[in-house]
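Visitor: Would you mind keeping the following structure in view while I ask a few things?
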Amino acid sequence: MLENDIAQLVRENAPTVASQIRRQPKLWEKVLDLYREVEPDVNALVGRARAAAGVLGGDTPEDGVDGTLTVVLTGSGSALDAAVSAAEGLSVSGVGGCDYLCAAAEDLARAPKDTLRDAEHVLLVALSCGDDAALGQAVAAVRANVKGLFVLGLTCDPADGIASAVVPDEDGLVIALPDVASAADGRATAEASLEPADLAGFTCLTLMANLCLGADDLRAKDNWTRIAVRMGEMVVMRETALSSLVLEPFDSLVFLASGTHFQGVAREAVVQAANFAGLGRGGVSPQVSRGDLVSAAGDGDVTHDALAVAFIGGSDDEKASQVASLKSLDGAENGCTPVAVQQDVAPVYPGRAFSFDGFAAIPAAYLALPYLMAAQVLLLMASVK
């Protein structure tokens with residue numbers, strides 16, 4: 001089978017799914033435009049929450065930060081994966097004076113103290129790809145256990161019930177991303193079980209959360225988003241190069257992340273595998289799982305006869321460790337085919353890779369968007385193959 005054969009199979013079996021993947025960079029531009037509109041309201045909400053928690057100003061104790069605001073990102077399914085991804089980025093570059101945590105809406109509703117500990121003031125960032133009953137329960141549980149609650153709701157569905165969970169006498173703001181929930185390219189979805197938000201919800205929610213809570217100014221956020229958009233467009237233009245990575249035989253797909261980078265992307269890739277099941281003529285799809293890159297290098301069973309896709313990023317030392325682990329996988333005699341998804345900024349993996357070359361380095365929080373798109377294309381190509 002050649003790359004062109006796979007492209008033909010996509011046209012025959014999954015045109016709508018492919019369209020949903022390809023439309024995401026345009027959606028990211030719309031998310032950025034929406035953020036520009038709501039930025040004053042978001043900043044005001046975050047400012048009130050920080051003030052209530054005793055965060056007086058600045059990003060360090062020397063600058064006057066006395067208290068700490070607990071920020072909890074929550075959701076279910078793909079929205080939870082987006083919360084994980086956003087929390088990874090915000091822990092590095094989020095608004096100062098905040099402790100960024102992540103918890104599943106179901107867990108937060110059942111045992112809020114396990115996450116909140118002794119926090120008195122909480123900014124709850126509730127992410128949703130649609131109507132999520134657990135989110136309303138999570139809001140109620142947090143409200144009952146803290147002195148002051150502030151809610152920032154981010155949803156892909158304008159009709160989402162999260163708005164009703166924010167009571168009038170407390171600080172809250174709900175931002176709907178209506179274009180994410182609309183049909184791909186204005187057409188009805190061909191697959192009844194596959195709504196566009198299943199594919200675009202993760203990236204759009206991740207982006208909006210990072211825009212709302214990132215410490216950088218609007219100019220930097222604009223620049224990084226636009227670079228991510230161009231990277232996403234590169235994924236579309238180089239789908240053939242991605243399809244070539246799935247030509248060799250393999251029994252399973254394993255998505256590998258390392259440390260605190262791209263765990264949300266790896267989680268979401270596994271969740272989204274169900275969206276691509278049975279697209280090929282034979283109706284058979286590869287087994288999909290995720291793992292830790294460094295651990296996988298020492299455990300041949302995890303990647304046995306697998307196409308192991310590793311997301312590379314972080315500091316230079318972290319990337320060097322990730323590259324070393326990939327080289328170890330490449331040398332293992334267990335049938336593993338390691339592939340790196342990476343930005344072309346040294347150190348890089350010299351073996352089989354999909355590299356975003358020609359772009360300035362951007363934070364991992366924004367790299368998560370095109371990285372997930374690359375994973376989606378790999379899942380699509382592997383399924384139709």
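Each chain of the structure tokens is named A, B, ... in the order shown, its residues numbered from 1; ligands are numbered from 1 in display order.
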Sorted by chain and rising residue number, list the residues of region 227-290 of chain A at most 10 Å from region 27-35 of chain A (counting only C-alpha atoms), each with its closest atom pair and distance in Å to one decimal, as CSV.

Guide:
```
residue,atom,partner,partner_atom,distance
A:Ala228,CA,A:Trp28,CA,8.5
A:Val229,CA,A:Trp28,CA,6.8
A:Gly232,CA,A:Trp28,CA,9.5
```

Visitor: Please produce a file of those selected residues containing C-alpha atoms, as a CSV table (one decimal), in the first residue's frame.

Guide:
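As a result, part.csv now contains:
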```csv
chain,number,residue,atom,x,y,z
A,228,ALA,CA,0.0,27.1,16.2
A,229,VAL,CA,-2.5,27.9,13.4
A,232,GLY,CA,-2.1,23.1,12.1
```

Visitor: What's around Ala103 (chain A) at 12 Å? Count only C-alpha atoms, leave out sequence neighbours fewer than 3 positions away in its own chain, and write the answer as number ranges by chain.

Guide: A: 71-77, 79-85, 87, 100, 106-116, 124-127, 134-135, 138, 142

Visitor: Put those residues in a file: N, CA and C atoms, as a short mmCIF file (atom, residue, chain, number, x, y, z; two decimals), in the first residue's frame.

Guide:
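Saved file selection_4.cif follows:
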```cif
data_model
loop_
_atom_site.label_atom_id
_atom_site.label_comp_id
_atom_site.auth_asym_id
_atom_site.auth_seq_id
_atom_site.Cartn_x
_atom_site.Cartn_y
_atom_site.Cartn_z
N VAL A 71 -6.81 27.52 41.71
CA VAL A 71 -7.51 27.43 40.43
C VAL A 71 -7.67 25.95 40.10
N VAL A 72 -8.91 25.51 39.99
CA VAL A 72 -9.19 24.10 39.70
C VAL A 72 -9.82 24.00 38.32
N LEU A 73 -9.14 23.29 37.42
CA LEU A 73 -9.70 23.04 36.08
C LEU A 73 -10.37 21.68 36.10
N THR A 74 -11.59 21.62 35.58
CA THR A 74 -12.34 20.37 35.66
C THR A 74 -13.18 20.15 34.41
N GLY A 75 -13.61 18.92 34.23
CA GLY A 75 -14.43 18.55 33.08
C GLY A 75 -14.58 17.04 33.04
N SER A 76 -15.18 16.55 31.98
CA SER A 76 -15.36 15.11 31.78
C SER A 76 -14.97 14.76 30.34
N GLY A 77 -14.48 13.55 30.13
CA GLY A 77 -14.15 13.11 28.78
C GLY A 77 -13.10 13.98 28.14
N ALA A 79 -13.22 17.10 27.54
CA ALA A 79 -13.07 18.35 28.28
C ALA A 79 -12.10 18.19 29.44
N LEU A 80 -12.11 17.02 30.09
CA LEU A 80 -11.15 16.76 31.16
C LEU A 80 -9.74 16.69 30.59
N ASP A 81 -9.58 16.05 29.43
CA ASP A 81 -8.26 16.00 28.80
C ASP A 81 -7.77 17.40 28.48
N ALA A 82 -8.68 18.27 28.03
CA ALA A 82 -8.32 19.66 27.77
C ALA A 82 -7.92 20.36 29.06
N ALA A 83 -8.61 20.04 30.16
CA ALA A 83 -8.26 20.61 31.46
C ALA A 83 -6.87 20.17 31.89
N VAL A 84 -6.55 18.89 31.66
CA VAL A 84 -5.21 18.38 31.98
C VAL A 84 -4.16 19.12 31.16
N SER A 85 -4.43 19.25 29.86
CA SER A 85 -3.48 19.92 28.97
C SER A 85 -3.29 21.38 29.36
N ALA A 87 -3.82 22.75 32.32
CA ALA A 87 -3.16 22.83 33.62
C ALA A 87 -1.66 22.63 33.48
N TYR A 100 -2.41 25.93 40.38
CA TYR A 100 -3.24 25.32 39.34
C TYR A 100 -3.37 23.81 39.56
N GLU A 106 -16.49 14.41 38.02
CA GLU A 106 -17.12 13.38 38.85
C GLU A 106 -16.42 13.26 40.20
N ASP A 107 -15.08 13.29 40.20
CA ASP A 107 -14.33 13.20 41.45
C ASP A 107 -14.54 14.43 42.31
N LEU A 108 -14.59 15.59 41.67
CA LEU A 108 -14.78 16.83 42.41
C LEU A 108 -16.17 16.87 43.05
N ALA A 109 -17.16 16.34 42.36
CA ALA A 109 -18.52 16.30 42.90
C ALA A 109 -18.61 15.33 44.07
N ARG A 110 -17.89 14.20 43.99
CA ARG A 110 -17.98 13.16 45.01
C ARG A 110 -17.15 13.49 46.25
N ALA A 111 -15.94 13.99 46.05
CA ALA A 111 -15.04 14.23 47.18
C ALA A 111 -14.26 15.52 46.94
N PRO A 112 -14.90 16.67 47.05
CA PRO A 112 -14.23 17.94 46.73
C PRO A 112 -13.01 18.23 47.58
N LYS A 113 -13.03 17.82 48.85
CA LYS A 113 -11.92 18.12 49.75
C LYS A 113 -10.62 17.43 49.32
N ASP A 114 -10.73 16.32 48.59
CA ASP A 114 -9.52 15.65 48.11
C ASP A 114 -8.71 16.56 47.20
N THR A 115 -9.39 17.46 46.52
CA THR A 115 -8.71 18.42 45.63
C THR A 115 -8.52 19.77 46.30
N LEU A 116 -9.55 20.25 46.98
CA LEU A 116 -9.52 21.61 47.52
C LEU A 116 -8.66 21.75 48.76
N LEU A 124 -12.98 28.16 39.88
CA LEU A 124 -13.29 26.88 39.24
C LEU A 124 -13.44 27.11 37.73
N VAL A 125 -12.57 26.49 36.96
CA VAL A 125 -12.62 26.60 35.50
C VAL A 125 -13.27 25.34 34.97
N ALA A 126 -14.54 25.45 34.59
CA ALA A 126 -15.34 24.30 34.18
C ALA A 126 -15.37 24.21 32.66
N LEU A 127 -14.77 23.15 32.12
CA LEU A 127 -14.70 22.94 30.68
C LEU A 127 -15.73 21.90 30.26
N ALA A 134 -22.27 16.23 35.50
CA ALA A 134 -21.28 16.19 36.57
C ALA A 134 -20.71 17.56 36.86
N LEU A 135 -20.66 18.44 35.85
CA LEU A 135 -20.11 19.77 36.07
C LEU A 135 -20.97 20.56 37.05
N ALA A 138 -20.31 19.32 40.39
CA ALA A 138 -19.00 19.74 40.87
C ALA A 138 -19.04 21.18 41.38
N VAL A 142 -18.19 22.25 45.25
CA VAL A 142 -17.15 23.23 45.59
C VAL A 142 -17.76 24.40 46.35
#
```

Visitor: Rank A:Leu218, A:Leu199, A:Leu69, A:Ala105 by their smallest atom-to-atom distance to Gly148 (chain A), using only C-alpha atoms, and report the top residue only.

Guide: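 The closest residue to Gly148 (chain A) is A:Leu69.
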
Visitor: Please return as an MDAnalysis selection string: the residues of region 132-239 of chain A that backbone DSSP assigns to strand (DSSP E or B).

Guide: chainID A and resid 148:155 171:176 214

Visitor: Using only C-alpha atoms, can you tell me which of A:Gly67, A:Gly97, A:Pro25, A:Pro363 comes closest to Ser315 (chain A)?

Guide: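 Of A:Gly67, A:Gly97, A:Pro25, A:Pro363, the one nearest Ser315 (chain A) is A:Pro363, counting only C-alpha atoms.
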
Visitor: Need to verify the contact set: Asp344 (chain A), 10 Å, only C-alpha atoms, exclusion of same-chain residues closer than 6 positions in sequence. Can you return it as a PyMOL selection string?

Guide: chain A and resi 354-361

Visitor: Can you tell me, as a VMD selection string, what residues are no more than 12 Å from Phe202 (chain A) when counting only C-alpha atoms, ignoring any on the same chain fewer than 3 positions away?

Guide: chain A and resid 21 24 27 to 28 75 to 86 127 to 130 154 to 156 177 180 to 181 196 to 199 205 to 209 264 to 269 271 to 272 368 to 373 376

Visitor: Take the residues from that selection and write them out as a short mmCIF file (atom, residue, chain, number, x, y, z; two decimals), in the first residue's frame, keeping C-alpha atoms.

Guide:
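Result saved to out23.cif:
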```
data_model
loop_
_atom_site.label_atom_id
_atom_site.label_comp_id
_atom_site.auth_asym_id
_atom_site.auth_seq_id
_atom_site.Cartn_x
_atom_site.Cartn_y
_atom_site.Cartn_z
CA ILE A 21 -9.73 17.57 11.49
CA GLN A 24 -9.46 23.19 13.40
CA LEU A 27 -11.54 27.45 14.65
CA TRP A 28 -8.46 28.44 16.65
CA GLY A 75 -14.43 18.55 33.08
CA SER A 76 -15.36 15.11 31.78
CA GLY A 77 -14.15 13.11 28.78
CA SER A 78 -12.41 15.25 26.18
CA ALA A 79 -13.07 18.35 28.28
CA LEU A 80 -11.15 16.76 31.16
CA ASP A 81 -8.26 16.00 28.80
CA ALA A 82 -8.32 19.66 27.77
CA ALA A 83 -8.26 20.61 31.46
CA VAL A 84 -5.21 18.38 31.98
CA SER A 85 -3.48 19.92 28.97
CA ALA A 86 -4.29 23.48 30.05
CA LEU A 127 -14.70 22.94 30.68
CA SER A 128 -17.44 21.23 28.69
CA CYS A 129 -17.91 19.73 25.23
CA GLY A 130 -21.67 19.67 25.77
CA LEU A 154 -15.86 27.31 28.87
CA THR A 155 -18.20 25.29 26.68
CA CYS A 156 -18.44 24.16 23.06
CA LEU A 177 -17.51 28.60 21.60
CA VAL A 180 -16.92 24.38 17.57
CA ALA A 181 -20.30 22.67 17.86
CA PRO A 196 -17.54 17.83 15.32
CA ALA A 197 -16.93 18.80 18.95
CA ASP A 198 -15.58 15.27 19.49
CA LEU A 199 -12.62 16.23 17.30
CA LEU A 205 -11.03 24.39 24.98
CA THR A 206 -7.30 23.98 25.66
CA LEU A 207 -6.56 27.14 23.71
CA MET A 208 -9.26 29.23 25.38
CA ALA A 209 -8.22 28.12 28.87
CA GLY A 264 -3.45 15.66 28.01
CA VAL A 265 -2.69 15.16 24.31
CA ALA A 266 -1.82 11.49 24.84
CA ARG A 267 -4.98 10.96 26.91
CA GLU A 268 -7.13 12.61 24.26
CA ALA A 269 -5.55 10.61 21.43
CA VAL A 271 -10.18 8.85 23.79
CA GLN A 272 -10.53 9.93 20.18
CA ALA A 368 -0.58 20.77 22.14
CA LEU A 369 -2.97 21.98 19.43
CA PRO A 370 -1.06 20.90 16.28
CA TYR A 371 0.31 17.86 18.13
CA LEU A 372 -3.24 16.57 18.68
CA MET A 373 -4.05 17.27 15.03
CA GLN A 376 -5.76 12.60 14.73
#
```

Visitor: Measure the distance from CA of Leu242 (chain A) to CA of Val348 (chain A) in Å and round it to one decimal.

Guide: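 Taking CA of Leu242 (chain A) as the start and CA of Val348 (chain A) as the end point, the length is 17.6 Å.
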
Visitor: Considering only C-alpha atoms, state which residue in the set A:Val236, A:Val92, A:Leu326, A:Leu307 is at the smallest distance from Gln20 (chain A).

Guide: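 Closest residue, counting only C-alpha atoms: A:Val236.
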
Visitor: Which parts of region 80-305 of chain A does DSSP call alpha helix (DSSP H) when run on the backbone here, written out as a PyMOL selection string?

Guide: chain A and resi 80-93+105-110+113-116+133-143+197-213+218-237+239-244+263-272+293-297

Visitor: Select, from A:Leu253, A:Val46, A:Ala215, A:Ile162, the residue with the minimum atom-to-atom distance to Leu123 (chain A), counting only C-alpha atoms.

Guide: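 Looking at the shortest contact to Leu123 (chain A), the residue is A:Val46.
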
Visitor: Taking into account only C-alpha atoms, which residue in the set A:Gly314, A:Leu213, A:Pro40, A:Leu379 is nearest to Ala18 (chain A)?

Guide: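 When distances to Ala18 (chain A) are compared using only C-alpha atoms, the smallest one comes from A:Leu379.
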
Visitor: So what do you get for CA of Val146 (chain A) versus CA of Glu120 (chain A), distance-wise?

Guide: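 CA of Glu120 (chain A) lies 4.8 Å from CA of Val146 (chain A).
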
Visitor: Quick one, how far is CA of Val377 (chain A) from CA of Arg226 (chain A)?

Guide: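 Distance reported for this atom pair: 20.6 Å.
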
Visitor: Skip Phe255 (chain A) itself and residues of its chain fewer than 6 positions away, then list as a VMD selection string all residues within 7 Å of it, counting only C-alpha atoms.

Guide: chain A and resid 266 289 to 291 308 to 310

Visitor: Excluding Ala49 (chain A) and residues on its chain fewer than 4 positions from it, collect all residues at most 12 Å away from it, counting only C-alpha atoms, and give them as number ranges by chain.

Guide: A: 42-45, 53-56, 67-71, 95, 97-98, 120-125, 147-152, 170-172

Visitor: Applying 10 Å and only C-alpha atoms, which residues near region 330-337 of chain A remain after dropping the ones on its own chain fewer than 4 positions away? List them as a PyMOL selection string.

Guide: chain A and resi 245-246+248-254+297-309+324-326+351-352

Visitor: Restricted to C-alpha atoms, what would the selected residues look like written as a tab-separated table (two decimals), in the first residue's frame?

Guide:
```tsv
chain	number	residue	atom	x	y	z
A	245	LEU	CA	4.43	6.71	8.93
A	246	VAL	CA	1.66	4.10	9.13
A	248	GLU	CA	4.85	-0.41	7.92
A	249	PRO	CA	3.08	-3.29	9.71
A	250	PHE	CA	2.19	-2.78	13.37
A	251	ASP	CA	-0.26	-4.34	15.80
A	252	SER	CA	-1.03	-1.30	17.93
A	253	LEU	CA	-0.60	2.44	18.31
A	254	VAL	CA	0.98	3.76	21.51
A	297	ALA	CA	12.14	2.72	26.86
A	298	GLY	CA	12.80	0.24	29.65
A	299	ASP	CA	9.70	-1.90	29.18
A	300	GLY	CA	9.59	-3.69	25.84
A	301	ASP	CA	6.10	-5.07	26.45
A	302	VAL	CA	4.51	-1.61	26.25
A	303	THR	CA	5.71	-1.03	22.70
A	304	HIS	CA	5.91	-4.61	21.38
A	305	ASP	CA	5.06	-4.60	17.65
A	306	ALA	CA	3.70	-1.07	18.09
A	307	LEU	CA	3.90	2.20	16.26
A	308	ALA	CA	5.09	4.32	19.20
A	309	VAL	CA	4.28	8.00	18.68
A	324	ALA	CA	17.50	9.37	24.22
A	325	SER	CA	14.46	7.28	25.15
A	326	LEU	CA	13.30	7.21	21.53
A	351	GLY	CA	14.94	9.15	13.20
A	352	ARG	CA	11.40	8.75	11.84
```
